Amino acid sequence: MNSLAIAAAGPSAPARFIPLRGVLQMNQAIISLASFHARVGAGETLGEQLEELLHCARRDPACRRCELQRVAADEWQLRSHWDSDQELQAHLGLPHMQLLGRLVESGLIRRMQMRVEPRI
């Protein structure tokens, strides 16, 4: 299993994704599961912002499937299937992904965690 965390250094620095642990095989199909916790009372607003990321992921040819699910009033999960970890990493580096950094810096996202595992 491979996990990532988001780090935001401040308003002028973009968010970046940091591998936490684990190794996946090269070119192995994967599933990523990202959990987002909004500040209290902002779940609906966060969901609207995450919908934008969902549509961008679905347009990526390496993304085989992507779903957004509300799991609690202020918590969302984004589950996506990718051709490989390398394809997911490339997607995370695209300009539209900077939206996550802005959401963290604005306080809309109070906690985020991402887990990546092989697709079997």
# chains A, B, ... in the order shown; residues from 1 in each chain; ligands from 1
>>> residues_around(residues="A:Leu68", least_positions_apart="3", cutoff="12 Å", atoms="only C-alpha atoms", output="number ranges by chain")
A: 32-36, 46-55, 57-58, 65, 71, 75-80
>>> write_last_selection(atoms="N, CA and C atoms", output="PDB file, in the first residue's frame")
ATOM      1  N   SER A  32      -6.997   4.745  -6.088  1.00  0.00           N
ATOM      2  CA  SER A  32      -6.680   5.758  -5.080  1.00  0.00           C
ATOM      3  C   SER A  32      -7.971   6.117  -4.350  1.00  0.00           C
ATOM      4  N   LEU A  33      -7.855   6.292  -3.060  1.00  0.00           N
ATOM      5  CA  LEU A  33      -8.986   6.688  -2.226  1.00  0.00           C
ATOM      6  C   LEU A  33      -8.555   7.900  -1.423  1.00  0.00           C
ATOM      7  N   ALA A  34      -9.170   9.033  -1.726  1.00  0.00           N
ATOM      8  CA  ALA A  34      -8.847  10.274  -1.015  1.00  0.00           C
ATOM      9  C   ALA A  34     -10.029  10.650  -0.133  1.00  0.00           C
ATOM     10  N   SER A  35      -9.745  10.959   1.128  1.00  0.00           N
ATOM     11  CA  SER A  35     -10.762  11.410   2.081  1.00  0.00           C
ATOM     12  C   SER A  35     -10.537  12.880   2.371  1.00  0.00           C
ATOM     13  N   PHE A  36     -11.614  13.641   2.357  1.00  0.00           N
ATOM     14  CA  PHE A  36     -11.566  15.083   2.587  1.00  0.00           C
ATOM     15  C   PHE A  36     -12.524  15.437   3.713  1.00  0.00           C
ATOM     16  N   LEU A  46     -17.583  22.197   0.015  1.00  0.00           N
ATOM     17  CA  LEU A  46     -16.454  21.344  -0.362  1.00  0.00           C
ATOM     18  C   LEU A  46     -16.871  20.373  -1.457  1.00  0.00           C
ATOM     19  N   GLY A  47     -18.049  19.791  -1.346  1.00  0.00           N
ATOM     20  CA  GLY A  47     -18.527  18.864  -2.367  1.00  0.00           C
ATOM     21  C   GLY A  47     -18.596  19.511  -3.738  1.00  0.00           C
ATOM     22  N   GLU A  48     -19.038  20.749  -3.796  1.00  0.00           N
ATOM     23  CA  GLU A  48     -19.105  21.467  -5.072  1.00  0.00           C
ATOM     24  C   GLU A  48     -17.712  21.641  -5.669  1.00  0.00           C
ATOM     25  N   GLN A  49     -16.738  21.954  -4.836  1.00  0.00           N
ATOM     26  CA  GLN A  49     -15.365  22.120  -5.319  1.00  0.00           C
ATOM     27  C   GLN A  49     -14.779  20.783  -5.777  1.00  0.00           C
ATOM     28  N   LEU A  50     -15.057  19.723  -5.038  1.00  0.00           N
ATOM     29  CA  LEU A  50     -14.537  18.399  -5.396  1.00  0.00           C
ATOM     30  C   LEU A  50     -15.160  17.893  -6.694  1.00  0.00           C
ATOM     31  N   GLU A  51     -16.388  18.306  -6.988  1.00  0.00           N
ATOM     32  CA  GLU A  51     -17.024  17.945  -8.267  1.00  0.00           C
ATOM     33  C   GLU A  51     -16.169  18.417  -9.442  1.00  0.00           C
ATOM     34  N   GLU A  52     -15.558  19.591  -9.317  1.00  0.00           N
ATOM     35  CA  GLU A  52     -14.676  20.093 -10.380  1.00  0.00           C
ATOM     36  C   GLU A  52     -13.504  19.142 -10.600  1.00  0.00           C
ATOM     37  N   LEU A  53     -12.890  18.690  -9.500  1.00  0.00           N
ATOM     38  CA  LEU A  53     -11.764  17.755  -9.616  1.00  0.00           C
ATOM     39  C   LEU A  53     -12.223  16.421 -10.195  1.00  0.00           C
ATOM     40  N   LEU A  54     -13.404  15.979  -9.828  1.00  0.00           N
ATOM     41  CA  LEU A  54     -13.961  14.737 -10.346  1.00  0.00           C
ATOM     42  C   LEU A  54     -14.069  14.808 -11.869  1.00  0.00           C
ATOM     43  N   HIS A  55     -14.605  15.891 -12.396  1.00  0.00           N
ATOM     44  CA  HIS A  55     -14.763  16.026 -13.844  1.00  0.00           C
ATOM     45  C   HIS A  55     -13.406  16.066 -14.553  1.00  0.00           C
ATOM     46  N   ALA A  57     -10.620  14.606 -13.492  1.00  0.00           N
ATOM     47  CA  ALA A  57     -10.066  13.245 -13.440  1.00  0.00           C
ATOM     48  C   ALA A  57     -10.723  12.371 -14.497  1.00  0.00           C
ATOM     49  N   ARG A  58     -12.014  12.489 -14.641  1.00  0.00           N
ATOM     50  CA  ARG A  58     -12.730  11.660 -15.629  1.00  0.00           C
ATOM     51  C   ARG A  58     -12.297  11.964 -17.064  1.00  0.00           C
ATOM     52  N   ARG A  65     -11.944   5.044 -13.920  1.00  0.00           N
ATOM     53  CA  ARG A  65     -13.216   5.285 -13.228  1.00  0.00           C
ATOM     54  C   ARG A  65     -12.956   6.230 -12.068  1.00  0.00           C
ATOM     55  N   VAL A  71     -19.738  10.869   2.697  1.00  0.00           N
ATOM     56  CA  VAL A  71     -19.812   9.837   3.736  1.00  0.00           C
ATOM     57  C   VAL A  71     -20.309  10.382   5.067  1.00  0.00           C
ATOM     58  N   GLU A  75     -17.704  15.275   5.305  1.00  0.00           N
ATOM     59  CA  GLU A  75     -16.660  14.370   4.814  1.00  0.00           C
ATOM     60  C   GLU A  75     -17.043  13.787   3.453  1.00  0.00           C
ATOM     61  N   TRP A  76     -16.051  13.786   2.551  1.00  0.00           N
ATOM     62  CA  TRP A  76     -16.209  13.255   1.201  1.00  0.00           C
ATOM     63  C   TRP A  76     -15.091  12.268   0.901  1.00  0.00           C
ATOM     64  N   GLN A  77     -15.373  11.303   0.020  1.00  0.00           N
ATOM     65  CA  GLN A  77     -14.347  10.395  -0.479  1.00  0.00           C
ATOM     66  C   GLN A  77     -14.361  10.414  -1.997  1.00  0.00           C
ATOM     67  N   LEU A  78     -13.165  10.466  -2.563  1.00  0.00           N
ATOM     68  CA  LEU A  78     -12.982  10.415  -4.010  1.00  0.00           C
ATOM     69  C   LEU A  78     -12.214   9.140  -4.312  1.00  0.00           C
ATOM     70  N   ARG A  79     -12.848   8.223  -5.021  1.00  0.00           N
ATOM     71  CA  ARG A  79     -12.241   6.935  -5.363  1.00  0.00           C
ATOM     72  C   ARG A  79     -12.013   6.910  -6.862  1.00  0.00           C
ATOM     73  N   SER A  80     -10.775   6.593  -7.262  1.00  0.00           N
ATOM     74  CA  SER A  80     -10.475   6.556  -8.693  1.00  0.00           C
ATOM     75  C   SER A  80      -9.584   5.370  -9.027  1.00  0.00           C
TER      76      SER A  80
END
>>> closest_residue(among="A:Ala38, A:Cys63, A:Ala73, A:Val116", to="A:Val104", atoms="only C-alpha atoms")
A:Ala38
>>> closest_residue(among="A:Gln69, A:Gln113, A:Thr45, A:Ser84", to="A:Ile31", atoms="only C-alpha atoms")
A:Ser84
>>> atom_distance(atom1="atom CA of A:Gly41", atom2="atom CA of A:Arg70")
13.7 Å
>>> atom_distance(atom1="atom CA of A:Ala29", atom2="atom CA of A:Asp83")
4.5 Å
>>> residues_around(residues="A:Asp60", least_positions_apart="6", cutoff="12 Å", atoms="only C-alpha atoms", output="PyMOL selection string")
chain A and resi 53-54+66+80-83+87-88+90-92+94+96
>>> closest_residue(among="A:Gln28, A:Met112, A:His37, A:Glu117", to="A:Ala72", atoms="only C-alpha atoms")
A:His37
>>> atom_distance(atom1="atom CA of A:Gln98", atom2="atom CA of A:Arg119")
26.3 Å
